[in-house]
$ cat final.pdb   # PDB, C-alpha atoms and all ligand atoms
ATOM      1  CA  MET A 582     -57.763  44.203-199.567
ATOM      2  CA  LYS A 583     -55.691  47.148-200.779
ATOM      3  CA  GLU A 584     -51.976  46.513-200.423
ATOM      4  CA  TYR A 585     -51.121  49.297-197.986
ATOM      5  CA  GLN A 586     -53.634  49.802-195.185
ATOM      6  CA  PRO A 587     -51.421  51.026-192.373
ATOM      7  CA  ILE A 588     -52.243  51.660-188.744
ATOM      8  CA  GLY A 589     -52.224  55.428-188.278
ATOM      9  CA  VAL A 590     -50.274  56.937-185.384
ATOM     10  CA  PHE A 591     -50.807  60.629-184.690
ATOM     11  CA  ASP A 592     -49.238  63.275-182.524
ATOM     12  CA  SER A 593     -48.942  67.049-182.532
ATOM     13  CA  GLY A 594     -45.218  66.578-183.185
ATOM     14  CA  TYR A 595     -42.407  64.263-182.168
ATOM     15  CA  GLY A 596     -43.894  62.833-178.972
ATOM     16  CA  GLY A 597     -45.897  60.113-180.666
ATOM     17  CA  LEU A 598     -42.653  58.614-181.920
ATOM     18  CA  THR A 599     -42.000  57.429-178.356
ATOM     19  CA  VAL A 600     -45.235  55.447-178.668
ATOM     20  CA  LEU A 601     -44.723  54.319-182.273
ATOM     21  CA  LYS A 602     -41.295  52.970-181.342
ATOM     22  CA  GLU A 603     -42.824  50.661-178.731
ATOM     23  CA  ILE A 604     -45.742  49.691-180.985
ATOM     24  CA  VAL A 605     -43.375  48.668-183.778
ATOM     25  CA  ALA A 606     -41.223  46.706-181.304
ATOM     26  CA  LYS A 607     -44.307  44.833-180.109
ATOM     27  CA  LEU A 608     -46.119  44.486-183.454
ATOM     28  CA  PRO A 609     -43.459  44.675-186.194
ATOM     29  CA  GLU A 610     -45.507  42.858-188.822
ATOM     30  CA  TYR A 611     -47.994  45.687-189.488
ATOM     31  CA  ASP A 612     -47.636  48.726-191.758
ATOM     32  CA  TYR A 613     -47.665  52.119-190.022
ATOM     33  CA  LEU A 614     -48.287  55.687-191.060
ATOM     34  CA  TYR A 615     -47.072  58.395-188.669
ATOM     35  CA  LEU A 616     -48.188  62.018-188.823
ATOM     36  CA  GLY A 617     -46.647  64.757-186.692
ATOM     37  CA  ASP A 618     -48.520  68.046-186.915
ATOM     38  CA  ASN A 619     -45.296  69.889-186.068
ATOM     39  CA  ALA A 620     -46.376  73.076-187.838
ATOM     40  CA  ARG A 621     -49.213  73.548-185.350
ATOM     41  CA  ALA A 622     -47.537  72.102-182.222
ATOM     42  CA  PRO A 623     -47.802  72.527-179.321
ATOM     43  CA  TYR A 624     -51.446  71.566-178.909
ATOM     44  CA  GLY A 625     -51.238  71.836-175.108
ATOM     45  CA  PRO A 626     -52.099  75.547-174.745
ATOM     46  CA  ARG A 627     -54.816  75.517-177.449
ATOM     47  CA  SER A 628     -58.564  75.599-176.876
ATOM     48  CA  PHE A 629     -60.762  72.536-176.900
ATOM     49  CA  GLU A 630     -62.262  73.633-180.240
ATOM     50  CA  THR A 631     -58.878  74.140-181.920
ATOM     51  CA  VAL A 632     -57.400  70.831-180.736
ATOM     52  CA  TYR A 633     -60.570  69.085-181.849
ATOM     53  CA  GLN A 634     -60.512  70.723-185.315
ATOM     54  CA  TYR A 635     -56.797  69.987-185.886
ATOM     55  CA  THR A 636     -57.136  66.396-184.696
ATOM     56  CA  LEU A 637     -60.235  65.735-186.786
ATOM     57  CA  GLU A 638     -58.496  67.102-189.881
ATOM     58  CA  CYS A 639     -55.595  64.723-189.298
ATOM     59  CA  VAL A 640     -57.889  61.752-188.609
ATOM     60  CA  GLU A 641     -59.724  62.419-191.889
ATOM     61  CA  TRP A 642     -56.379  62.487-193.684
ATOM     62  CA  PHE A 643     -55.446  59.100-192.172
ATOM     63  CA  PHE A 644     -58.758  57.659-193.339
ATOM     64  CA  LYS A 645     -58.122  58.937-196.880
ATOM     65  CA  GLN A 646     -54.747  57.151-196.828
ATOM     66  CA  GLY A 647     -56.522  53.851-196.179
ATOM     67  CA  CYS A 648     -56.144  53.524-192.383
ATOM     68  CA  SER A 649     -58.930  51.619-190.665
ATOM     69  CA  LEU A 650     -57.407  52.216-187.251
ATOM     70  CA  VAL A 651     -55.815  55.414-185.931
ATOM     71  CA  VAL A 652     -54.064  55.763-182.575
ATOM     72  CA  LEU A 653     -53.982  59.284-181.141
ATOM     73  CA  ALA A 654     -50.541  58.997-179.529
ATOM     74  CA  CYS A 655     -51.111  62.380-177.920
ATOM     75  CA  ASN A 656     -52.693  62.947-174.519
ATOM     76  CA  THR A 657     -53.902  66.426-175.381
ATOM     77  CA  ALA A 658     -55.753  65.192-178.469
ATOM     78  CA  SER A 659     -56.994  62.152-176.547
ATOM     79  CA  ALA A 660     -58.283  64.411-173.750
ATOM     80  CA  LYS A 661     -59.871  67.087-175.918
ATOM     81  CA  ALA A 662     -60.881  65.477-179.202
ATOM     82  CA  LEU A 663     -61.168  61.702-178.951
ATOM     83  CA  ARG A 664     -64.598  61.371-177.430
ATOM     84  CA  THR A 665     -66.247  63.841-179.846
ATOM     85  CA  ILE A 666     -64.579  62.168-182.820
ATOM     86  CA  GLN A 667     -65.652  58.707-181.639
ATOM     87  CA  GLN A 668     -69.220  59.709-180.826
ATOM     88  CA  ASN A 669     -70.078  62.402-183.391
ATOM     89  CA  ASP A 670     -67.704  62.174-186.337
ATOM     90  CA  LEU A 671     -66.922  58.495-186.811
ATOM     91  CA  PRO A 672     -70.514  57.450-187.485
ATOM     92  CA  LYS A 673     -70.723  60.148-190.200
ATOM     93  CA  LEU A 674     -67.256  59.567-191.689
ATOM     94  CA  ASP A 675     -67.119  55.760-191.670
ATOM     95  CA  GLY A 676     -68.573  53.695-188.864
ATOM     96  CA  SER A 677     -66.312  50.760-189.676
ATOM     97  CA  LYS A 678     -63.146  52.675-188.758
ATOM     98  CA  ARG A 679     -61.742  53.139-185.259
ATOM     99  CA  VAL A 680     -59.832  55.849-183.404
ATOM    100  CA  LEU A 681     -58.139  55.001-180.094
ATOM    101  CA  GLY A 682     -56.370  57.188-177.555
ATOM    102  CA  VAL A 683     -53.699  56.852-174.889
ATOM    103  CA  ILE A 684     -55.574  57.840-171.728
ATOM    104  CA  ARG A 685     -57.819  54.810-171.307
ATOM    105  CA  PRO A 686     -55.064  52.169-171.649
ATOM    106  CA  THR A 687     -52.946  54.088-169.143
ATOM    107  CA  THR A 688     -55.633  54.629-166.536
ATOM    108  CA  GLU A 689     -56.689  50.989-166.731
ATOM    109  CA  ILE A 690     -53.378  49.777-165.347
ATOM    110  CA  ILE A 691     -51.924  52.730-163.433
ATOM    111  CA  GLY A 692     -53.040  51.145-160.152
ATOM    112  CA  ASN A 693     -50.438  48.399-160.664
ATOM    113  CA  PHE A 694     -47.626  50.885-160.056
ATOM    114  CA  THR A 695     -48.588  52.571-156.797
ATOM    115  CA  LYS A 696     -48.397  51.217-153.260
ATOM    116  CA  THR A 697     -49.310  54.448-151.475
ATOM    117  CA  ASN A 698     -52.316  55.046-153.760
ATOM    118  CA  GLU A 699     -51.081  58.550-154.551
ATOM    119  CA  ILE A 700     -50.080  59.340-158.105
ATOM    120  CA  GLY A 701     -48.582  62.444-159.673
ATOM    121  CA  ILE A 702     -49.564  63.344-163.234
ATOM    122  CA  LEU A 703     -47.388  65.550-165.419
ATOM    123  CA  GLY A 704     -49.085  66.728-168.605
ATOM    124  CA  THR A 705     -49.796  69.675-170.843
ATOM    125  CA  ASN A 706     -52.139  72.476-169.768
ATOM    126  CA  GLY A 707     -54.826  70.973-171.966
ATOM    127  CA  THR A 708     -54.552  67.508-170.456
ATOM    128  CA  VAL A 709     -54.404  68.762-166.864
ATOM    129  CA  GLN A 710     -57.262  71.252-167.272
ATOM    130  CA  SER A 711     -59.481  68.617-168.911
ATOM    131  CA  ASN A 712     -59.247  66.583-165.680
ATOM    132  CA  SER A 713     -59.343  63.457-167.864
ATOM    133  CA  TYR A 714     -56.849  61.567-165.707
ATOM    134  CA  PRO A 715     -58.501  62.077-162.302
ATOM    135  CA  ILE A 716     -61.902  61.273-163.854
ATOM    136  CA  GLU A 717     -60.750  58.140-165.681
ATOM    137  CA  ILE A 718     -58.545  56.846-162.853
ATOM    138  CA  ALA A 719     -61.466  57.176-160.419
ATOM    139  CA  LYS A 720     -63.479  54.774-162.609
ATOM    140  CA  PHE A 721     -60.905  52.001-162.232
ATOM    141  CA  TYR A 722     -59.299  52.906-158.902
ATOM    142  CA  PRO A 723     -61.637  54.995-156.724
ATOM    143  CA  ASP A 724     -59.133  54.917-153.846
ATOM    144  CA  ILE A 725     -56.262  56.475-155.738
ATOM    145  CA  LYS A 726     -55.543  60.125-155.029
ATOM    146  CA  VAL A 727     -54.390  61.991-158.135
ATOM    147  CA  HIS A 728     -52.147  65.076-158.041
ATOM    148  CA  GLN A 729     -51.549  67.041-161.241
ATOM    149  CA  GLU A 730     -48.992  69.532-162.509
ATOM    150  CA  ALA A 731     -48.964  71.107-165.958
ATOM    151  CA  ALA A 732     -45.517  71.440-167.497
ATOM    152  CA  PRO A 733     -46.277  73.645-170.507
ATOM    153  CA  THR A 734     -42.654  74.448-171.309
ATOM    154  CA  TRP A 735     -41.575  70.825-171.739
ATOM    155  CA  VAL A 736     -43.156  70.285-175.178
ATOM    156  CA  PRO A 737     -41.494  73.359-176.758
ATOM    157  CA  LEU A 738     -38.170  72.182-175.269
ATOM    158  CA  VAL A 739     -38.560  68.909-177.155
ATOM    159  CA  GLU A 740     -39.996  70.408-180.358
ATOM    160  CA  ASN A 741     -37.100  72.891-180.483
ATOM    161  CA  ASN A 742     -34.434  70.297-179.780
ATOM    162  CA  GLU A 743     -33.542  71.921-176.454
ATOM    163  CA  TYR A 744     -34.394  68.902-174.312
ATOM    164  CA  ASP A 745     -30.774  68.078-173.587
ATOM    165  CA  THR A 746     -29.550  71.594-172.778
ATOM    166  CA  PRO A 747     -28.771  73.120-169.356
ATOM    167  CA  GLY A 748     -31.749  75.474-169.858
ATOM    168  CA  ALA A 749     -34.079  72.479-169.790
ATOM    169  CA  ASP A 750     -32.973  71.629-166.236
ATOM    170  CA  TYR A 751     -34.610  74.730-164.809
ATOM    171  CA  PHE A 752     -38.064  73.868-166.185
ATOM    172  CA  VAL A 753     -37.831  70.156-165.465
ATOM    173  CA  GLU A 754     -36.793  70.711-161.858
ATOM    174  CA  LYS A 755     -39.455  73.408-161.325
ATOM    175  CA  HIS A 756     -42.427  71.261-162.350
ATOM    176  CA  ILE A 757     -41.244  68.164-160.531
ATOM    177  CA  ARG A 758     -40.769  70.243-157.382
ATOM    178  CA  ASN A 759     -44.297  71.699-157.760
ATOM    179  CA  LEU A 760     -45.798  68.255-158.227
ATOM    180  CA  LEU A 761     -44.003  66.612-155.323
ATOM    181  CA  ALA A 762     -44.850  69.569-153.045
ATOM    182  CA  GLN A 763     -48.513  68.534-153.306
ATOM    183  CA  SER A 764     -47.966  65.399-151.213
ATOM    184  CA  GLN A 765     -45.152  63.428-149.636
ATOM    185  CA  ASN A 766     -47.007  60.206-150.389
ATOM    186  CA  ILE A 767     -46.699  60.317-154.166
ATOM    187  CA  ASP A 768     -44.827  57.152-155.146
ATOM    188  CA  THR A 769     -45.612  57.100-158.882
ATOM    189  CA  ILE A 770     -45.227  59.804-161.506
ATOM    190  CA  LEU A 771     -47.030  59.354-164.799
ATOM    191  CA  LEU A 772     -45.587  61.130-167.831
ATOM    192  CA  ALA A 773     -48.989  61.914-169.336
ATOM    193  CA  CYS A 774     -47.588  63.567-172.425
ATOM    194  CA  THR A 775     -45.892  61.532-175.109
ATOM    195  CA  HIS A 776     -43.199  64.188-175.534
ATOM    196  CA  TYR A 777     -41.986  63.875-171.947
ATOM    197  CA  PRO A 778     -40.063  60.568-172.221
ATOM    198  CA  LEU A 779     -37.581  62.508-174.356
ATOM    199  CA  LEU A 780     -36.701  64.438-171.192
ATOM    200  CA  ILE A 781     -36.306  61.271-169.127
ATOM    201  CA  ASP A 782     -32.608  61.775-168.266
ATOM    202  CA  LYS A 783     -33.356  65.199-166.828
ATOM    203  CA  ILE A 784     -36.543  64.008-165.114
ATOM    204  CA  LYS A 785     -34.648  61.207-163.360
ATOM    205  CA  LYS A 786     -32.174  63.780-162.039
ATOM    206  CA  TYR A 787     -34.903  65.487-160.001
ATOM    207  CA  VAL A 788     -37.182  62.606-159.012
ATOM    208  CA  PRO A 789     -36.103  60.658-155.899
ATOM    209  CA  GLU A 790     -35.044  57.133-156.876
ATOM    210  CA  LYS A 791     -37.677  55.381-154.781
ATOM    211  CA  LEU A 792     -40.469  56.829-156.957
ATOM    212  CA  SER A 793     -41.624  55.030-160.130
ATOM    213  CA  ILE A 794     -41.706  57.028-163.344
ATOM    214  CA  VAL A 795     -44.236  55.647-165.816
ATOM    215  CA  SER A 796     -44.092  56.341-169.577
ATOM    216  CA  GLN A 797     -46.901  55.337-171.884
ATOM    217  CA  GLY A 798     -45.162  53.784-174.908
ATOM    218  CA  LYS A 799     -45.152  50.162-173.729
ATOM    219  CA  ILE A 800     -48.566  50.477-172.090
ATOM    220  CA  VAL A 801     -50.142  51.695-175.339
ATOM    221  CA  ALA A 802     -48.325  49.041-177.402
ATOM    222  CA  ASP A 803     -49.582  46.242-175.128
ATOM    223  CA  SER A 804     -53.078  47.640-175.197
ATOM    224  CA  LEU A 805     -53.058  47.900-179.002
ATOM    225  CA  SER A 806     -51.856  44.323-179.302
ATOM    226  CA  ASP A 807     -54.678  43.216-177.034
ATOM    227  CA  TYR A 808     -57.188  45.303-179.006
ATOM    228  CA  LEU A 809     -56.148  43.731-182.316
ATOM    229  CA  GLU A 810     -56.504  40.262-180.811
ATOM    230  CA  ARG A 811     -60.013  41.037-179.625
ATOM    231  CA  HIS A 812     -61.146  42.826-182.818
ATOM    232  CA  SER A 813     -60.493  40.605-185.802
ATOM    233  CA  GLU A 814     -62.812  42.767-187.949
ATOM    234  CA  ILE A 815     -60.305  45.646-187.592
ATOM    235  CA  GLU A 816     -57.173  43.522-187.461
ATOM    236  CA  SER A 817     -57.980  41.852-190.772
ATOM    237  CA  LYS A 818     -58.076  45.286-192.438
ATOM    238  CA  CYS A 819     -54.542  46.251-191.313
ATOM    239  CA  SER A 820     -51.919  45.327-193.888
ATOM    240  CA  LYS A 821     -48.805  43.469-192.850
ATOM    241  CA  GLY A 822     -45.738  44.556-194.768
ATOM    242  CA  GLY A 823     -43.583  46.016-192.004
ATOM    243  CA  LYS A 824     -43.481  49.386-193.799
ATOM    244  CA  ILE A 825     -43.422  52.663-191.840
ATOM    245  CA  SER A 826     -44.134  56.003-193.540
ATOM    246  CA  PHE A 827     -43.628  59.351-191.840
ATOM    247  CA  TYR A 828     -45.374  62.641-192.579
ATOM    248  CA  THR A 829     -44.924  66.041-191.003
ATOM    249  CA  THR A 830     -46.803  69.281-191.544
ATOM    250  CA  ASP A 831     -43.540  71.225-191.050
ATOM    251  CA  SER A 832     -39.975  70.992-192.410
ATOM    252  CA  THR A 833     -39.056  67.442-193.440
ATOM    253  CA  GLN A 834     -35.384  68.149-192.875
ATOM    254  CA  ASP A 835     -35.938  69.138-189.246
ATOM    255  CA  PHE A 836     -38.301  66.225-188.747
ATOM    256  CA  ASP A 837     -35.840  63.687-190.155
ATOM    257  CA  ASN A 838     -32.977  65.020-188.026
ATOM    258  CA  HIS A 839     -34.940  64.985-184.761
ATOM    259  CA  ALA A 840     -37.118  61.979-185.422
ATOM    260  CA  ALA A 841     -34.169  59.702-186.068
ATOM    261  CA  VAL A 842     -32.928  60.429-182.529
ATOM    262  CA  PHE A 843     -36.334  59.849-180.970
ATOM    263  CA  PHE A 844     -37.255  56.837-183.098
ATOM    264  CA  GLY A 845     -33.832  55.218-182.913
ATOM    265  CA  LYS A 846     -33.583  54.636-186.679
ATOM    266  CA  PRO A 847     -33.142  56.829-189.765
ATOM    267  CA  VAL A 848     -36.390  58.509-190.776
ATOM    268  CA  LYS A 849     -37.308  59.942-194.182
ATOM    269  CA  SER A 850     -40.473  62.007-193.989
ATOM    270  CA  THR A 851     -42.810  63.545-196.549
ATOM    271  CA  HIS A 852     -44.314  66.998-196.159
ATOM    272  CA  LEU A 853     -48.058  67.279-195.727
ATOM    273  CA  HIS A 854     -49.848  70.565-196.276
ATOM    274  CA  LEU A 855     -53.097  70.663-194.315
TER     275      LEU A 855
HETATM  276  N1  LIG A 901     -47.495  64.696-177.184
HETATM  277  C1  LIG A 901     -48.617  65.523-176.839
HETATM  278  C2  LIG A 901     -49.313  64.976-175.588
HETATM  279  O1  LIG A 901     -49.140  63.805-175.286
HETATM  280  C3  LIG A 901     -48.100  66.897-176.851
HETATM  281  C4  LIG A 901     -48.809  67.971-176.649
HETATM  282  C5  LIG A 901     -48.574  69.295-177.275
HETATM  283  O2  LIG A 901     -48.469  69.402-178.493
HETATM  284  O3  LIG A 901     -48.616  70.244-176.487
HETATM  285  O4  LIG A 901     -50.059  65.656-174.921
END

$ encode --input "final.pdb" --output "structure tokens"
Amino acid sequence: MKEYQPIGVFDSGYGGLTVLKEIVAKLPEYDYLYLGDNARAPYGPRSFETVYQYTLECVEWFFKQGCSLVVLACNTASAKALRTIQQNDLPKLDGSKRVLGVIRPTTEIIGNFTKTNEIGILGTNGTVQSNSYPIEIAKFYPDIKVHQEAAPTWVPLVENNEYDTPGADYFVEKHIRNLLAQSQNIDTILLACTHYPLLIDKIKKYVPEKLSIVSQGKIVADSLSDYLERHSEIESKCSKGGKISFYTTDSTQDFDNHAAVFFGKPVKSTHLHL
């Protein structure tokens, strides 16, 4: 086995770091390779075709770096690109490699959080318009009623380091109000965009305390751990050196400054030109 065969973790920008952080906490022994496509973020407003093309390009790059397993730590990419990549591209590229997303692990267990059986989903335009969450949740929990609200301004707030400013309050409050106006019975709000946990302090300000707010980081980490246990043919190909490498398609200086805050540790990234 080659020395460095990391698990790939992908996002359009910084959001996937909220997932990587939890994955590393749960599975510190593996090597990881993170790619933020910051230069082309946000993915949320882009067409199906564009998100698919960008995501596929990044997945191919991960494969060239020696990854046998790539986690799309991005709901928009998971909603718009994952299935096509799994069904059409993987068999052609390398049928022994795997690409996983964040929607399935979340929908599998979302029913554990709600008592009223009414859930609110906050996501990007792309994720909400794809209807992936209502469709997938119905497979596991046909009785759960799903309400959705797109919060397209939240990703740019995070990508531009404005998530902690008074200006962010206006947009956070607006989308939470719109979501909760859909039903008084919503008792669980799912942050179905990996960027949104970075706005958690503001989100908590506008969500009544009795509601549960669910982020995906821990859910995806637990699901990955379970996946590796069940798939020894993939697990055995992932190297264990505890090394984490970061790549960004935009400025490394900006990435390092922001990522360190989101990841909780100093980050030194390398620029990738796609
Ligand atoms: N973190 C991505 C997600 O979970 C962000 C989307 C974007 O780039 O708009 O959907």

$ atom_distance --input "final.pdb" --atom1 "CA of Glu689 in chain A" --atom2 "CA of Arg811 in chain A"
16.6 Å

$ residues_near_ligand --input "final.pdb" --ligand "ligand LIG 901 (chain A)" --cutoff "10 Å" --atoms "only C-alpha atoms and all ligand atoms" --output "PyMOL selection string"
chain A and resi 591-600+617-619+621-627+632+653-661+683-684+703-709+732-737+739-740+772-778+797

$ write_last_selection --input "final.pdb" --atoms "C-alpha atoms" --output "short mmCIF file (atom, residue, chain, number, x, y, z; two decimals), in the coordinates of the input"
data_model
loop_
_atom_site.label_atom_id
_atom_site.label_comp_id
_atom_site.auth_asym_id
_atom_site.auth_seq_id
_atom_site.Cartn_x
_atom_site.Cartn_y
_atom_site.Cartn_z
CA PHE A 591 -50.81 60.63 -184.69
CA ASP A 592 -49.24 63.28 -182.52
CA SER A 593 -48.94 67.05 -182.53
CA GLY A 594 -45.22 66.58 -183.18
CA TYR A 595 -42.41 64.26 -182.17
CA GLY A 596 -43.89 62.83 -178.97
CA GLY A 597 -45.90 60.11 -180.67
CA LEU A 598 -42.65 58.61 -181.92
CA THR A 599 -42.00 57.43 -178.36
CA VAL A 600 -45.24 55.45 -178.67
CA GLY A 617 -46.65 64.76 -186.69
CA ASP A 618 -48.52 68.05 -186.92
CA ASN A 619 -45.30 69.89 -186.07
CA ARG A 621 -49.21 73.55 -185.35
CA ALA A 622 -47.54 72.10 -182.22
CA PRO A 623 -47.80 72.53 -179.32
CA TYR A 624 -51.45 71.57 -178.91
CA GLY A 625 -51.24 71.84 -175.11
CA PRO A 626 -52.10 75.55 -174.74
CA ARG A 627 -54.82 75.52 -177.45
CA VAL A 632 -57.40 70.83 -180.74
CA LEU A 653 -53.98 59.28 -181.14
CA ALA A 654 -50.54 59.00 -179.53
CA CYS A 655 -51.11 62.38 -177.92
CA ASN A 656 -52.69 62.95 -174.52
CA THR A 657 -53.90 66.43 -175.38
CA ALA A 658 -55.75 65.19 -178.47
CA SER A 659 -56.99 62.15 -176.55
CA ALA A 660 -58.28 64.41 -173.75
CA LYS A 661 -59.87 67.09 -175.92
CA VAL A 683 -53.70 56.85 -174.89
CA ILE A 684 -55.57 57.84 -171.73
CA LEU A 703 -47.39 65.55 -165.42
CA GLY A 704 -49.08 66.73 -168.60
CA THR A 705 -49.80 69.68 -170.84
CA ASN A 706 -52.14 72.48 -169.77
CA GLY A 707 -54.83 70.97 -171.97
CA THR A 708 -54.55 67.51 -170.46
CA VAL A 709 -54.40 68.76 -166.86
CA ALA A 732 -45.52 71.44 -167.50
CA PRO A 733 -46.28 73.64 -170.51
CA THR A 734 -42.65 74.45 -171.31
CA TRP A 735 -41.58 70.82 -171.74
CA VAL A 736 -43.16 70.28 -175.18
CA PRO A 737 -41.49 73.36 -176.76
CA VAL A 739 -38.56 68.91 -177.16
CA GLU A 740 -40.00 70.41 -180.36
CA LEU A 772 -45.59 61.13 -167.83
CA ALA A 773 -48.99 61.91 -169.34
CA CYS A 774 -47.59 63.57 -172.42
CA THR A 775 -45.89 61.53 -175.11
CA HIS A 776 -43.20 64.19 -175.53
CA TYR A 777 -41.99 63.88 -171.95
CA PRO A 778 -40.06 60.57 -172.22
CA GLN A 797 -46.90 55.34 -171.88
#

$ residues_around --input "final.pdb" --residues "His854 in chain A" --least-positions-apart "2" --cutoff "10 Å" --atoms "all atoms listed in the file" --output "list in words"
Asp618, Ala620, Tyr828, Thr829, Thr830, Asp831, Thr851 and His852 of chain A

$ resolve_selection --input "final.pdb" --expression "the PyMOL selection byres (((chain A and resi 780-792) around 9) and not hetatm)" --output "PyMOL selection string"
chain A and resi 735+738-739+744-745+749-750+753-754+757-758+761+767-770+776-779+793-794

$ residues_around --input "final.pdb" --residues "Lys645 in chain A" --least-positions-apart "4" --cutoff "12 Å" --atoms "all atoms listed in the file" --output "list in words"
Tyr585, Gln586, Pro587, Gly589, Leu614, Glu638, Cys639, Val640, Glu641, Ser649, Leu650, Val651, Leu674, Asp675 and Lys678 of chain A

$ resolve_selection --input "final.pdb" --expression "the PyMOL selection byres (((chain A and resi 716) around 12) and not hetatm)" --output "PDB file with C-alpha atoms, keeping the file's coordinate frame"
ATOM      1  CA  ALA A 660     -58.283  64.411-173.750  1.00  0.00           C
ATOM      2  CA  ILE A 684     -55.574  57.840-171.728  1.00  0.00           C
ATOM      3  CA  ARG A 685     -57.819  54.810-171.307  1.00  0.00           C
ATOM      4  CA  THR A 688     -55.633  54.629-166.536  1.00  0.00           C
ATOM      5  CA  GLU A 689     -56.689  50.989-166.731  1.00  0.00           C
ATOM      6  CA  THR A 708     -54.552  67.508-170.456  1.00  0.00           C
ATOM      7  CA  VAL A 709     -54.404  68.762-166.864  1.00  0.00           C
ATOM      8  CA  GLN A 710     -57.262  71.252-167.272  1.00  0.00           C
ATOM      9  CA  SER A 711     -59.481  68.617-168.911  1.00  0.00           C
ATOM     10  CA  ASN A 712     -59.247  66.583-165.680  1.00  0.00           C
ATOM     11  CA  SER A 713     -59.343  63.457-167.864  1.00  0.00           C
ATOM     12  CA  TYR A 714     -56.849  61.567-165.707  1.00  0.00           C
ATOM     13  CA  PRO A 715     -58.501  62.077-162.302  1.00  0.00           C
ATOM     14  CA  GLU A 717     -60.750  58.140-165.681  1.00  0.00           C
ATOM     15  CA  ILE A 718     -58.545  56.846-162.853  1.00  0.00           C
ATOM     16  CA  ALA A 719     -61.466  57.176-160.419  1.00  0.00           C
ATOM     17  CA  LYS A 720     -63.479  54.774-162.609  1.00  0.00           C
ATOM     18  CA  PHE A 721     -60.905  52.001-162.232  1.00  0.00           C
ATOM     19  CA  TYR A 722     -59.299  52.906-158.902  1.00  0.00           C
ATOM     20  CA  PRO A 723     -61.637  54.995-156.724  1.00  0.00           C
ATOM     21  CA  ILE A 725     -56.262  56.475-155.738  1.00  0.00           C
ATOM     22  CA  LYS A 726     -55.543  60.125-155.029  1.00  0.00           C
ATOM     23  CA  VAL A 727     -54.390  61.991-158.135  1.00  0.00           C
ATOM     24  CA  HIS A 728     -52.147  65.076-158.041  1.00  0.00           C
TER      25      HIS A 728
END

$ atom_distance --input "final.pdb" --atom1 "CA of Gln634 in chain A" --atom2 "CA of Val848 in chain A"
27.6 Å

$ closest_residue --input "final.pdb" --among "A:Gln834, A:Asn759, A:Ser826, A:Asn669" --to "Val590 in chain A" --atoms "only C-alpha atoms"
A:Ser826

$ closest_residue --input "final.pdb" --among "A:Cys648, A:Ile800, A:Glu743, A:Ile825" --to "Asn693 in chain A" --atoms "only C-alpha atoms"
A:Ile800

$ atom_distance --input "final.pdb" --atom1 "CA of Gly647 in chain A" --atom2 "CA of Ile815 in chain A"
12.5 Å

$ resolve_selection --input "final.pdb" --expression "the PyMOL selection byres (((chain A and resi 609) around 12) and not hetatm)" --output "number ranges by chain"
A: 587-588, 601-608, 610-613, 802, 806, 820-825

$ axis_aligned_box --input "final.pdb" --around "range 688-692 of chain A" --padding-each-side "3 Å" --output "AutoDock Vina command-line options"
--center_x -54.3 --center_y 52.2 --center_z -163.4 --size_x 10.8 --size_y 10.9 --size_z 12.6

$ closest_residue --input "final.pdb" --among "A:Lys849, A:Lys696, A:Lys799, A:Arg679" --to "Asp724 in chain A" --atoms "only C-alpha atoms"
A:Lys696

$ closest_residue --input "final.pdb" --among "A:Asn698, A:Glu630, A:Leu681, A:Ile666" --to "Ser764 in chain A" --atoms "all atoms listed in the file"
A:Asn698
